[in-house]
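K.L.:
Let me give you the structure first, and then I'll get to my questions.
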Amino acid sequence: MALRQGDTLRFARPPVIAAHAAVGGKKESRGPLADCFDQLSQDNLFGQKNWEAAERALQLRAARLCLQKGHTAEDSVSLVLAGDLQAQCTASSYAMRELDIPFAGLFGACSTMAEALGLGAALCAGDLAEGVLAMASGHFCAAERQFRTPLSYGAVRAPTAQWTATAAGCCLLRPRGTGVQVRAVTLGRVQDYQVRDISNMGAAMAPAAAATLLRYLRDTGTAPAALDCVYTGDLGRVGSALLAQLLEAEGVTGLRHQDCGCLLYGSDPQVRSGASGPGCCASVLCGHILPLLERGEMGRVAFIATGALMSQTTFLQKETIPAIAHLVELAAPAQKEG
């Protein structure tokens, strides 16, 4: 059962993340979080004929690894909630041809992992599902071809540009049991600060992250110092600096913040402002954040995934870039009695 407080759902009996898996590509294998991945491939085509098919294979690997780690058969999962950046979420839809599980596709751009976790947790808390896979993926080459320029053009990247991670993350949610607890979910509202630069997603998404975090803090009465860390999805260096300014203007201080887009590739100069894409925060969550909670190195964190909601069409029409952010409060596994 969930208690509604403003825009936030708080779970009296928190669902748990029973298993998780992260899969990455060649560049991810060279980053500071390489050891956190369950599987890495030196072939960004993942044995496929094109980049789009490669992302389907990437997502399917993450799903199967997650099921394997959770000792769970496909027929014991009630639903898959998944999404990606490919037009009409085709990477997710095509990957699900291989799994005989009910599927609901989601599109929140880079916010999709938090959206899937939040909706999946709500279904589990309401005893409407015994098991839910929450999953998101991205592929650098597929995203560049769809939203920017094909790699063969050799276009120069702007200093504010981010690098779409070739990665996927998958979580298995259960209504009860052992695992990291999903304590609360704040579903965001669309924000638009009139940013039009497709190479500066951090500026477009930072206001959404700030708005959702502020609502969560107000809804729950949580003091920023009560959180061991606030992890944003992929604001990158530019967006992270803007988030700090926006929160400071609202009087929010003492916040410990890290960005998945900054963590994934470290100081690699090729990525400019940091990583992005649905697979960025999904893989960092599954490979880095959840293990920290499982080991008790952190007790309570807020995971905020942010998404820029433009399309190829709206970009060409010179529209602004609206953004959204969803927040999931996570807590270390409950201590066993006795």
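Chain identifiers are assigned as A, B, and so on, following the order in which chains appear in the structure tokens; residues are numbered from 1 within each chain, and ligands are numbered from 1 in order of appearance.
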Pick out the residues sitting within 9 Å of Leu309 in chain A, and hand them over as a tab-separated table (two decimals) with N, CA and C atoms, in the first residue's frame; count only C-alpha atoms, and ignore anything fewer than 2 positions along from it in its own chain.
P.N.:
chain	number	residue	atom	x	y	z
A	107	PHE	N	8.54	5.77	-22.39
A	107	PHE	CA	9.48	6.74	-22.93
A	107	PHE	C	9.56	7.94	-22.00
A	108	GLY	N	10.69	8.07	-21.37
A	108	GLY	CA	10.99	9.25	-20.57
A	108	GLY	C	12.37	9.74	-20.91
A	109	ALA	N	12.86	9.33	-22.11
A	109	ALA	CA	14.23	9.62	-22.51
A	109	ALA	C	15.18	9.13	-21.42
A	110	CYS	N	16.11	9.97	-20.97
A	110	CYS	CA	17.10	9.51	-20.00
A	110	CYS	C	16.52	9.34	-18.59
A	190	VAL	N	6.75	18.21	-16.17
A	190	VAL	CA	7.56	18.71	-17.28
A	190	VAL	C	7.96	20.17	-17.02
A	307	GLY	N	15.27	13.46	-18.04
A	307	GLY	CA	15.13	13.19	-19.47
A	307	GLY	C	14.76	14.43	-20.26
A	311	SER	N	12.27	15.49	-29.81
A	311	SER	CA	12.39	14.45	-30.83
A	311	SER	C	13.12	15.04	-32.03
A	321	ILE	N	13.39	22.60	-25.60
A	321	ILE	CA	13.57	21.23	-25.12
A	321	ILE	C	12.97	21.08	-23.73
A	322	PRO	N	11.75	20.53	-23.63
A	322	PRO	CA	11.18	20.27	-22.31
A	322	PRO	C	11.89	19.09	-21.65
A	323	ALA	N	11.85	19.05	-20.34
A	323	ALA	CA	12.54	17.98	-19.62
A	323	ALA	C	11.70	17.53	-18.43
A	324	ILE	N	12.01	16.33	-17.94
A	324	ILE	CA	11.31	15.79	-16.78
A	324	ILE	C	12.30	15.02	-15.93
K.L.:
With DSSP run on the backbone, what are the helix (DSSP H, G or I) residues within range 86-183 of chain A? I'd like them as number ranges by chain.
P.N.:
A: 87-98, 109-125, 140-147, 151-153
K.L.:
Suppose we keep N, CA, C and O atoms; can you now write the selection as a short mmCIF file (atom, residue, chain, number, x, y, z; two decimals), in the first residue's frame?
P.N.:
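See part.cif below for the written result:
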data_model
loop_
_atom_site.label_atom_id
_atom_site.label_comp_id
_atom_site.auth_asym_id
_atom_site.auth_seq_id
_atom_site.Cartn_x
_atom_site.Cartn_y
_atom_site.Cartn_z
N ALA A 87 13.47 5.50 -31.98
CA ALA A 87 12.12 5.90 -32.35
C ALA A 87 11.11 4.83 -31.98
O ALA A 87 11.28 3.66 -32.33
N GLN A 88 10.07 5.23 -31.23
CA GLN A 88 9.00 4.35 -30.78
C GLN A 88 9.51 3.22 -29.89
O GLN A 88 8.91 2.16 -29.80
N CYS A 89 10.62 3.47 -29.19
CA CYS A 89 11.19 2.49 -28.24
C CYS A 89 11.39 1.11 -28.88
O CYS A 89 11.10 0.07 -28.28
N THR A 90 11.91 1.11 -30.11
CA THR A 90 12.03 -0.16 -30.81
C THR A 90 13.09 -1.08 -30.21
O THR A 90 12.97 -2.31 -30.31
N ALA A 91 14.14 -0.54 -29.58
CA ALA A 91 15.14 -1.42 -28.97
C ALA A 91 14.49 -2.29 -27.91
O ALA A 91 14.72 -3.51 -27.84
N SER A 92 13.66 -1.68 -27.07
CA SER A 92 12.97 -2.43 -26.02
C SER A 92 11.95 -3.40 -26.61
O SER A 92 11.89 -4.58 -26.23
N SER A 93 11.14 -2.92 -27.53
CA SER A 93 10.09 -3.75 -28.10
C SER A 93 10.66 -4.96 -28.84
O SER A 93 10.16 -6.08 -28.69
N TYR A 94 11.72 -4.74 -29.61
CA TYR A 94 12.31 -5.84 -30.35
C TYR A 94 13.03 -6.82 -29.43
O TYR A 94 13.03 -8.03 -29.66
N ALA A 95 13.64 -6.29 -28.36
CA ALA A 95 14.29 -7.18 -27.39
C ALA A 95 13.26 -8.08 -26.72
O ALA A 95 13.53 -9.26 -26.44
N MET A 96 12.06 -7.55 -26.47
CA MET A 96 11.03 -8.31 -25.76
C MET A 96 10.43 -9.43 -26.60
O MET A 96 9.68 -10.26 -26.09
N ARG A 97 10.77 -9.47 -27.89
CA ARG A 97 10.34 -10.62 -28.70
C ARG A 97 10.92 -11.92 -28.16
O ARG A 97 10.37 -13.00 -28.38
N GLU A 98 12.05 -11.79 -27.47
CA GLU A 98 12.77 -12.99 -27.00
C GLU A 98 12.33 -13.42 -25.60
O GLU A 98 12.70 -14.50 -25.15
N ALA A 109 12.86 9.33 -22.11
CA ALA A 109 14.23 9.62 -22.51
C ALA A 109 15.18 9.13 -21.42
O ALA A 109 15.04 8.00 -20.96
N CYS A 110 16.11 9.97 -20.97
CA CYS A 110 17.10 9.51 -20.00
C CYS A 110 16.52 9.34 -18.59
O CYS A 110 17.22 8.87 -17.70
N SER A 111 15.24 9.70 -18.40
CA SER A 111 14.61 9.50 -17.10
C SER A 111 13.93 8.13 -16.99
O SER A 111 13.32 7.81 -15.97
N THR A 112 14.02 7.33 -18.04
CA THR A 112 13.22 6.10 -18.13
C THR A 112 13.48 5.11 -17.00
O THR A 112 12.56 4.45 -16.51
N MET A 113 14.73 4.99 -16.54
CA MET A 113 15.01 3.99 -15.50
C MET A 113 14.28 4.32 -14.20
O MET A 113 13.70 3.44 -13.56
N ALA A 114 14.28 5.59 -13.80
CA ALA A 114 13.56 5.97 -12.58
C ALA A 114 12.05 5.83 -12.77
O ALA A 114 11.33 5.44 -11.85
N GLU A 115 11.59 6.15 -13.96
CA GLU A 115 10.15 5.99 -14.27
C GLU A 115 9.75 4.52 -14.14
O GLU A 115 8.72 4.20 -13.53
N ALA A 116 10.55 3.64 -14.71
CA ALA A 116 10.25 2.20 -14.65
C ALA A 116 10.31 1.69 -13.21
O ALA A 116 9.45 0.92 -12.79
N LEU A 117 11.32 2.11 -12.46
CA LEU A 117 11.43 1.70 -11.06
C LEU A 117 10.24 2.18 -10.25
O LEU A 117 9.68 1.43 -9.44
N GLY A 118 9.86 3.43 -10.46
CA GLY A 118 8.76 3.99 -9.70
C GLY A 118 7.44 3.31 -9.98
O GLY A 118 6.69 2.93 -9.06
N LEU A 119 7.12 3.12 -11.25
CA LEU A 119 5.87 2.46 -11.61
C LEU A 119 5.88 0.99 -11.19
O LEU A 119 4.87 0.46 -10.70
N GLY A 120 7.02 0.34 -11.35
CA GLY A 120 7.13 -1.06 -10.94
C GLY A 120 6.97 -1.22 -9.45
O GLY A 120 6.30 -2.16 -8.97
N ALA A 121 7.56 -0.32 -8.67
CA ALA A 121 7.43 -0.37 -7.22
C ALA A 121 5.99 -0.16 -6.79
O ALA A 121 5.49 -0.82 -5.87
N ALA A 122 5.28 0.76 -7.46
CA ALA A 122 3.88 1.01 -7.13
C ALA A 122 3.02 -0.22 -7.39
O ALA A 122 2.13 -0.57 -6.60
N LEU A 123 3.28 -0.91 -8.50
CA LEU A 123 2.54 -2.14 -8.80
C LEU A 123 2.82 -3.22 -7.77
O LEU A 123 1.91 -3.92 -7.32
N CYS A 124 4.09 -3.34 -7.38
CA CYS A 124 4.44 -4.34 -6.37
C CYS A 124 3.83 -4.00 -5.02
O CYS A 124 3.33 -4.88 -4.31
N ALA A 125 3.90 -2.74 -4.64
CA ALA A 125 3.36 -2.32 -3.33
C ALA A 125 1.86 -2.54 -3.25
O ALA A 125 1.32 -2.78 -2.17
N PHE A 140 25.53 4.62 -27.98
CA PHE A 140 26.13 5.85 -28.51
C PHE A 140 25.92 6.01 -30.01
O PHE A 140 25.46 7.05 -30.49
N CYS A 141 26.24 4.99 -30.74
CA CYS A 141 26.20 5.09 -32.21
C CYS A 141 24.77 5.23 -32.71
O CYS A 141 24.50 6.01 -33.64
N ALA A 142 23.83 4.51 -32.13
CA ALA A 142 22.43 4.61 -32.54
C ALA A 142 21.88 6.00 -32.23
O ALA A 142 21.14 6.58 -33.04
N ALA A 143 22.23 6.54 -31.07
CA ALA A 143 21.74 7.86 -30.68
C ALA A 143 22.33 8.96 -31.56
O ALA A 143 21.62 9.90 -31.95
N GLU A 144 23.61 8.86 -31.88
CA GLU A 144 24.23 9.87 -32.74
C GLU A 144 23.57 9.87 -34.13
O GLU A 144 23.31 10.93 -34.70
N ARG A 145 23.30 8.69 -34.65
CA ARG A 145 22.68 8.62 -35.97
C ARG A 145 21.26 9.22 -35.95
O ARG A 145 20.84 9.88 -36.89
N GLN A 146 20.54 9.00 -34.86
CA GLN A 146 19.15 9.47 -34.80
C GLN A 146 19.05 10.95 -34.48
O GLN A 146 18.23 11.66 -35.08
N PHE A 147 19.84 11.44 -33.54
CA PHE A 147 19.65 12.80 -33.05
C PHE A 147 20.68 13.82 -33.54
O PHE A 147 20.43 15.02 -33.51
N LEU A 151 28.41 8.85 -37.30
CA LEU A 151 29.80 8.93 -36.86
C LEU A 151 30.75 9.18 -38.03
O LEU A 151 31.80 9.82 -37.86
N SER A 152 30.41 8.69 -39.21
CA SER A 152 31.31 8.84 -40.37
C SER A 152 31.48 10.30 -40.79
O SER A 152 32.42 10.62 -41.51
N TYR A 153 30.61 11.19 -40.31
CA TYR A 153 30.75 12.60 -40.64
C TYR A 153 31.92 13.24 -39.90
O TYR A 153 32.47 14.26 -40.34
#
K.L.:
Would you kindly return, as a ChimeraX atom specification, each protein, DNA or RNA residue with an atom no farther than 8 Å from any atom of range 158-168 of chain A, considering only C-alpha atoms and excluding same-chain residues fewer than 3 positions away?
P.N.:
/A:22-25,27-28,44,55,58-59,62,135-140,143,199-202,236,238,271-280,282-283
K.L.:
Out of range 101-212 of chain A, which residues get strand (DSSP E or B) from DSSP, as a list in words?
P.N.:
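Put together, the selection reads Phe103, Ala104, Gly105, Val132, Leu133, Ala134, Met135, Ala136, Ser137, Gly138, Trp163, Thr164, Ala167, Ala168, Gly169, Cys170, Cys171, Leu172, Leu173, Arg174, Val180, Gln181, Val182, Arg183, Ala184, Val185, Thr186 and Gln191 of chain A.
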K.L.:
Go through A:Leu65, A:Lys318, A:Thr253, A:Arg218 one by one, measure the shortest atom-to-atom distance of each to Asp197 in chain A using only C-alpha atoms, and give the residue with the smallest value.
P.N.:
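Distance minimum relative to Asp197 in chain A lands on A:Lys318.
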K.L.:
Give me, please, the distance in Å between CA of Glu319 in chain A and CA of Phe303 in chain A, quoted to one decimal.
P.N.:
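So the two atoms, CA of Glu319 in chain A and CA of Phe303 in chain A, lie 28.7 Å apart.
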K.L.:
Quick one: residues within 8 Å of range 333-335 of chain A, only C-alpha atoms, excluding same-chain residues fewer than 4 positions away - as a VMD selection string?
P.N.:
chain A and resid 178 to 181 293 to 294
K.L.:
Okay, now the selection with C-alpha atoms, as an mmCIF file, in the first residue's frame?
P.N.:
data_model
loop_
_atom_site.group_PDB
_atom_site.id
_atom_site.type_symbol
_atom_site.label_atom_id
_atom_site.label_comp_id
_atom_site.auth_asym_id
_atom_site.auth_seq_id
_atom_site.Cartn_x
_atom_site.Cartn_y
_atom_site.Cartn_z
ATOM 1 C CA THR A 178 15.566 -9.305 0.729
ATOM 2 C CA GLY A 179 17.071 -6.439 -1.202
ATOM 3 C CA VAL A 180 17.471 -2.695 -1.456
ATOM 4 C CA GLN A 181 14.211 -1.052 -0.429
ATOM 5 C CA LEU A 293 23.500 0.121 -0.430
ATOM 6 C CA GLU A 294 23.638 -3.667 -0.241
#
K.L.:
If I take CA of Pro291 in chain A and CA of Ala2 in chain A, how far is one from the other in Å, to one decimal?
P.N.:
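Between CA of Pro291 in chain A and CA of Ala2 in chain A the gap is 25.7 Å.
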K.L.:
For Asp228 in chain A, which residue out of A:Ala331, A:Thr314, A:Ala325, A:Leu172 is the nearest one, using only C-alpha atoms?
P.N.:
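Once distances to Asp228 in chain A are computed over only C-alpha atoms, the minimum belongs to A:Ala331.
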K.L.:
My list of candidates is A:Glu329, A:Asp192, A:Asp259, A:Asp7. Which is closest to Ala308 in chain A when distances are computed with only C-alpha atoms?
P.N.:
A:Asp192
K.L.:
Between A:Ser267, A:Thr232, A:Ala54, A:Ala223, single out the one closest to Gly254 in chain A, counting only C-alpha atoms.
P.N.:
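Selected residue with least distance to Gly254 in chain A: A:Ala223.
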K.L.:
To one decimal place, how far is CA of Ala21 in chain A from CA of Gly188 in chain A in Å?
P.N.:
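So the two atoms, CA of Ala21 in chain A and CA of Gly188 in chain A, lie 25.6 Å apart.
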K.L.:
Excluding Gly6 in chain A and residues on its chain fewer than 6 positions from it, collect all residues at most 12 Å away from it, counting only C-alpha atoms, and give them as an MDAnalysis selection string.
P.N.:
chainID A and resid 184:188 212 214:221
K.L.:
Once you have the residues from the selection above, write them out as an mmCIF file, in the first residue's frame, restricted to all heavy atoms.
P.N.:
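Final file, part-v6.cif:
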data_model
loop_
_atom_site.group_PDB
_atom_site.id
_atom_site.type_symbol
_atom_site.label_atom_id
_atom_site.label_comp_id
_atom_site.auth_asym_id
_atom_site.auth_seq_id
_atom_site.Cartn_x
_atom_site.Cartn_y
_atom_site.Cartn_z
ATOM 1 N N ALA A 184 10.157 5.382 -1.548
ATOM 2 C CA ALA A 184 9.254 6.416 -2.048
ATOM 3 C C ALA A 184 9.574 6.736 -3.496
ATOM 4 O O ALA A 184 10.686 6.469 -3.979
ATOM 5 C CB ALA A 184 9.362 7.679 -1.191
ATOM 6 N N VAL A 185 8.601 7.319 -4.173
ATOM 7 C CA VAL A 185 8.751 7.715 -5.576
ATOM 8 C C VAL A 185 8.090 9.074 -5.766
ATOM 9 O O VAL A 185 6.947 9.274 -5.336
ATOM 10 C CB VAL A 185 8.077 6.693 -6.519
ATOM 11 C CG1 VAL A 185 8.130 7.183 -7.954
ATOM 12 C CG2 VAL A 185 8.731 5.331 -6.394
ATOM 13 N N THR A 186 8.804 10.000 -6.380
ATOM 14 C CA THR A 186 8.229 11.290 -6.764
ATOM 15 C C THR A 186 8.266 11.388 -8.275
ATOM 16 O O THR A 186 9.345 11.454 -8.875
ATOM 17 C CB THR A 186 9.020 12.468 -6.149
ATOM 18 O OG1 THR A 186 9.069 12.327 -4.731
ATOM 19 C CG2 THR A 186 8.343 13.788 -6.492
ATOM 20 N N LEU A 187 7.094 11.358 -8.877
ATOM 21 C CA LEU A 187 7.006 11.478 -10.334
ATOM 22 C C LEU A 187 6.990 12.953 -10.698
ATOM 23 O O LEU A 187 6.231 13.745 -10.137
ATOM 24 C CB LEU A 187 5.766 10.760 -10.854
ATOM 25 C CG LEU A 187 5.763 9.243 -10.625
ATOM 26 C CD1 LEU A 187 4.434 8.642 -11.044
ATOM 27 C CD2 LEU A 187 6.907 8.569 -11.358
ATOM 28 N N GLY A 188 7.844 13.324 -11.649
ATOM 29 C CA GLY A 188 8.072 14.732 -11.940
ATOM 30 C C GLY A 188 7.051 15.361 -12.859
ATOM 31 O O GLY A 188 6.175 14.695 -13.427
ATOM 32 N N THR A 212 11.885 18.453 -9.108
ATOM 33 C CA THR A 212 11.442 17.178 -8.524
ATOM 34 C C THR A 212 12.060 16.958 -7.150
ATOM 35 O O THR A 212 11.382 16.503 -6.220
ATOM 36 C CB THR A 212 11.789 16.019 -9.471
ATOM 37 O OG1 THR A 212 11.120 16.210 -10.716
ATOM 38 C CG2 THR A 212 11.361 14.681 -8.878
ATOM 39 N N LEU A 214 13.047 19.269 -5.014
ATOM 40 C CA LEU A 214 12.409 20.190 -4.074
ATOM 41 C C LEU A 214 11.030 19.687 -3.660
ATOM 42 O O LEU A 214 10.648 19.794 -2.487
ATOM 43 C CB LEU A 214 12.303 21.577 -4.692
ATOM 44 C CG LEU A 214 13.632 22.339 -4.859
ATOM 45 C CD1 LEU A 214 13.447 23.579 -5.726
ATOM 46 C CD2 LEU A 214 14.214 22.713 -3.497
ATOM 47 N N ARG A 215 10.273 19.136 -4.605
ATOM 48 C CA ARG A 215 8.948 18.590 -4.253
ATOM 49 C C ARG A 215 9.077 17.396 -3.318
ATOM 50 O O ARG A 215 8.306 17.246 -2.369
ATOM 51 C CB ARG A 215 8.186 18.185 -5.521
ATOM 52 C CG ARG A 215 7.660 19.371 -6.296
ATOM 53 C CD ARG A 215 6.591 18.960 -7.306
ATOM 54 N NE ARG A 215 6.131 20.136 -8.029
ATOM 55 C CZ ARG A 215 6.675 20.583 -9.164
ATOM 56 N NH1 ARG A 215 7.696 19.929 -9.692
ATOM 57 N NH2 ARG A 215 6.216 21.660 -9.753
ATOM 58 N N TYR A 216 10.040 16.540 -3.585
ATOM 59 C CA TYR A 216 10.258 15.380 -2.712
ATOM 60 C C TYR A 216 10.612 15.834 -1.294
ATOM 61 O O TYR A 216 10.057 15.307 -0.317
ATOM 62 C CB TYR A 216 11.371 14.504 -3.289
ATOM 63 C CG TYR A 216 12.006 13.568 -2.288
ATOM 64 C CD1 TYR A 216 11.384 12.393 -1.893
ATOM 65 C CD2 TYR A 216 13.246 13.885 -1.720
ATOM 66 C CE1 TYR A 216 11.960 11.544 -0.965
ATOM 67 C CE2 TYR A 216 13.836 13.045 -0.793
ATOM 68 C CZ TYR A 216 13.191 11.882 -0.410
ATOM 69 O OH TYR A 216 13.765 11.050 0.524
ATOM 70 N N LEU A 217 11.518 16.791 -1.179
ATOM 71 C CA LEU A 217 11.919 17.265 0.143
ATOM 72 C C LEU A 217 10.731 17.867 0.886
ATOM 73 O O LEU A 217 10.562 17.635 2.096
ATOM 74 C CB LEU A 217 13.048 18.293 0.014
ATOM 75 C CG LEU A 217 14.385 17.785 -0.550
ATOM 76 C CD1 LEU A 217 15.356 18.940 -0.737
ATOM 77 C CD2 LEU A 217 14.999 16.714 0.345
ATOM 78 N N ARG A 218 9.910 18.630 0.193
ATOM 79 C CA ARG A 218 8.731 19.239 0.823
ATOM 80 C C ARG A 218 7.675 18.196 1.158
ATOM 81 O O ARG A 218 7.089 18.201 2.247
ATOM 82 C CB ARG A 218 8.137 20.310 -0.093
ATOM 83 C CG ARG A 218 8.947 21.596 -0.163
ATOM 84 C CD ARG A 218 8.134 22.727 -0.766
ATOM 85 N NE ARG A 218 7.801 22.462 -2.157
ATOM 86 C CZ ARG A 218 8.489 22.944 -3.186
ATOM 87 N NH1 ARG A 218 9.562 23.698 -2.988
ATOM 88 N NH2 ARG A 218 8.125 22.671 -4.421
ATOM 89 N N ASP A 219 7.403 17.302 0.220
ATOM 90 C CA ASP A 219 6.362 16.288 0.428
ATOM 91 C C ASP A 219 6.664 15.398 1.626
ATOM 92 O O ASP A 219 5.766 15.026 2.383
ATOM 93 C CB ASP A 219 6.224 15.398 -0.814
ATOM 94 C CG ASP A 219 5.606 16.122 -2.001
ATOM 95 O OD1 ASP A 219 5.093 17.241 -1.812
ATOM 96 O OD2 ASP A 219 5.659 15.559 -3.116
ATOM 97 N N THR A 220 7.923 15.024 1.775
ATOM 98 C CA THR A 220 8.307 14.046 2.797
ATOM 99 C C THR A 220 8.873 14.669 4.063
ATOM 100 O O THR A 220 9.079 13.970 5.053
ATOM 101 C CB THR A 220 9.352 13.071 2.223
ATOM 102 O OG1 THR A 220 10.531 13.804 1.852
ATOM 103 C CG2 THR A 220 8.808 12.337 0.994
ATOM 104 N N GLY A 221 9.141 15.971 4.032
ATOM 105 C CA GLY A 221 9.758 16.611 5.197
ATOM 106 C C GLY A 221 11.188 16.173 5.421
ATOM 107 O O GLY A 221 11.699 16.238 6.543
#
